[in-house]
Amino acid sequence: ALNTIDTTVYGWDAIGNLIEGTTGRFVESDEELRVRHAASVRATGAATVKAIRARMLAEVQSIEYCAVYENRTNAIDEFNMPPHSVEVVVSGGTDQDVASKLYEVKPAGIETYGNTDIVVYDDNGDGQIVNFSRPTDKFAWVRVSVNVLNTEEVLTVEVVQAIKDAVIAYSANINVGNDIITQRFYGPIYAATSGIGSITVEVAVTATEVGTPVYSTNNASVARAELVLFDEARISVGGV
């Protein structure tokens with residue numbers, strides 16, 4: 001209860017709470033405002049790609065990621081989308097909530113596409129099949145080879161674990177549909193260690209956790225409805 005006067009003011013003798021208070025929050029930062037504005041600027045519209053995404057993010061509980069794609073041509077496109085269709089790739093939210101909101105905000109007469117199909121009942125009580133995509137899990141493998149040590153520095157204690165931790169930390173930046181850019185692991189690894197003069201980073205992606213990785217220094221392509229998962233068990237470090 002707020003019943004103690006912290007700063008004395010002449011003539012103010014007591015304070016009391018008549019009802020329970022509500023905890024407030026700090027003033028919104030500029031960066032928070034920009035993020036919220038970008039996500040909600042189209043939230044009053046519908047049918048367009050930007051409006052569909054904004055409505056899904058703003059109005060479906062627990063959505064963590066949403067991307068919207070469209071095929072406006074008269075032919076099946078390179079992603080196997082039917083002509084004049086829309087695909088929503090979404091993680092989070094229940095299947096029924098996602099499908100219901102998508103049916104509400106999609107353009108009339110436009111087909112939905114994706115790897116998940118849910119029945120939504122329209123105003124006439126008729127069942128309508130709504131498709132959208134849930135990200136398919138893929139499994140990332142990373143092999144780090146230490147080629148040369150830097151004798152002018154002291155090698156990091158537990159350097160193997162430090163390298164693995166750096167890979168895992170960077171992997172948090174990789175979201176649905178993001179390719180694995182091999183070169184981007186170098187900076188975090190060097191920043192987390194000392195005593196290393198040269199390394200080689202190779203990556204691979206498999207469909208299952210027990211797949212056989214084919215490592216390469218090239219970038220690993222990830223489809224727009226796929227999410228690569230990283231785990232310390234699939235990171236190997238050699239040369240130290």
# chains A, B, ... in the order shown; residues from 1 in each chain; ligands from 1
call {"tool": "residues_around", "arguments": {"residues": "Ile199 in chain A", "least_positions_apart": "5", "cutoff": "6 Å", "atoms": "only C-alpha atoms", "output": "list in words"}}
result
Ser145, Val146 and Asn147 of chain A
call {"tool": "residues_around", "arguments": {"residues": "Glu153 in chain A", "least_positions_apart": "2", "cutoff": "9 Å", "atoms": "only C-alpha atoms", "output": "ChimeraX atom specification"}}
result
/A:149-151,155-156,194-196
call {"tool": "residues_around", "arguments": {"residues": "Ile163 in chain A", "least_positions_apart": "2", "cutoff": "9 Å", "atoms": "only C-alpha atoms", "output": "number ranges by chain"}}
result
A: 144, 158-161, 165-168, 188-190, 192-193, 237
call {"tool": "closest_atom_pairs", "arguments": {"of": "range 89-207 of chain A", "to": "range 73-85 of chain A", "cutoff": "12 Å", "atoms": "only C-alpha atoms", "output": "CSV"}}
result
residue,atom,partner,partner_atom,distance
A:Lys106,CA,A:Ser85,CA,9.8
A:Pro107,CA,A:Ser85,CA,9.5
A:Ala108,CA,A:Ser85,CA,10.8
A:Gly109,CA,A:His84,CA,9.1
A:Ile110,CA,A:Ser85,CA,5.6
A:Glu111,CA,A:Ser85,CA,4.6
A:Thr112,CA,A:Ser85,CA,5.5
A:Tyr113,CA,A:Ser85,CA,6.5
A:Gly114,CA,A:Met81,CA,8.4
A:Asn115,CA,A:Met81,CA,11.1
A:Val130,CA,A:Ser85,CA,11.5
A:Asn131,CA,A:Ser85,CA,10.3
A:Phe132,CA,A:Ser85,CA,11.0
A:Ser133,CA,A:Met81,CA,11.7
call {"tool": "write_last_selection", "arguments": {"atoms": "N, CA and C atoms", "output": "short mmCIF file (atom, residue, chain, number, x, y, z; two decimals), in the first residue's frame"}}
result
data_model
loop_
_atom_site.label_atom_id
_atom_site.label_comp_id
_atom_site.auth_asym_id
_atom_site.auth_seq_id
_atom_site.Cartn_x
_atom_site.Cartn_y
_atom_site.Cartn_z
N LYS A 106 -8.14 -12.07 -45.55
CA LYS A 106 -7.65 -12.33 -46.91
C LYS A 106 -8.59 -11.72 -47.94
N PRO A 107 -8.12 -11.47 -49.16
CA PRO A 107 -9.00 -10.95 -50.21
C PRO A 107 -10.08 -11.97 -50.56
N ALA A 108 -11.26 -11.49 -50.88
CA ALA A 108 -12.35 -12.38 -51.28
C ALA A 108 -12.00 -13.07 -52.60
N GLY A 109 -12.31 -14.36 -52.68
CA GLY A 109 -12.09 -15.10 -53.91
C GLY A 109 -10.67 -15.53 -54.15
N ILE A 110 -9.78 -15.27 -53.21
CA ILE A 110 -8.37 -15.62 -53.37
C ILE A 110 -8.09 -16.91 -52.61
N GLU A 111 -7.38 -17.83 -53.23
CA GLU A 111 -7.07 -19.11 -52.62
C GLU A 111 -5.94 -18.97 -51.62
N THR A 112 -6.05 -19.70 -50.50
CA THR A 112 -4.95 -19.76 -49.54
C THR A 112 -4.11 -21.00 -49.82
N TYR A 113 -2.83 -20.92 -49.46
CA TYR A 113 -1.90 -22.00 -49.76
C TYR A 113 -1.01 -22.24 -48.55
N GLY A 114 -0.64 -23.51 -48.31
CA GLY A 114 0.27 -23.83 -47.22
C GLY A 114 0.21 -25.28 -46.83
N ASN A 115 1.07 -25.66 -45.88
CA ASN A 115 1.16 -27.06 -45.48
C ASN A 115 0.20 -27.45 -44.36
N VAL A 130 -9.07 -23.36 -45.03
CA VAL A 130 -8.07 -22.29 -45.06
C VAL A 130 -6.70 -22.94 -44.88
N ASN A 131 -5.79 -22.61 -45.78
CA ASN A 131 -4.43 -23.14 -45.72
C ASN A 131 -3.44 -22.07 -45.29
N PHE A 132 -2.47 -22.46 -44.52
CA PHE A 132 -1.33 -21.60 -44.19
C PHE A 132 -0.16 -22.53 -43.88
N SER A 133 1.01 -21.97 -43.72
CA SER A 133 2.21 -22.80 -43.52
C SER A 133 2.78 -22.63 -42.11
#
call {"tool": "closest_residue", "arguments": {"among": "A:Thr22, A:Ser171, A:Asn71, A:Thr8", "to": "Trp141 in chain A", "atoms": "only C-alpha atoms"}}
result
A:Ser171
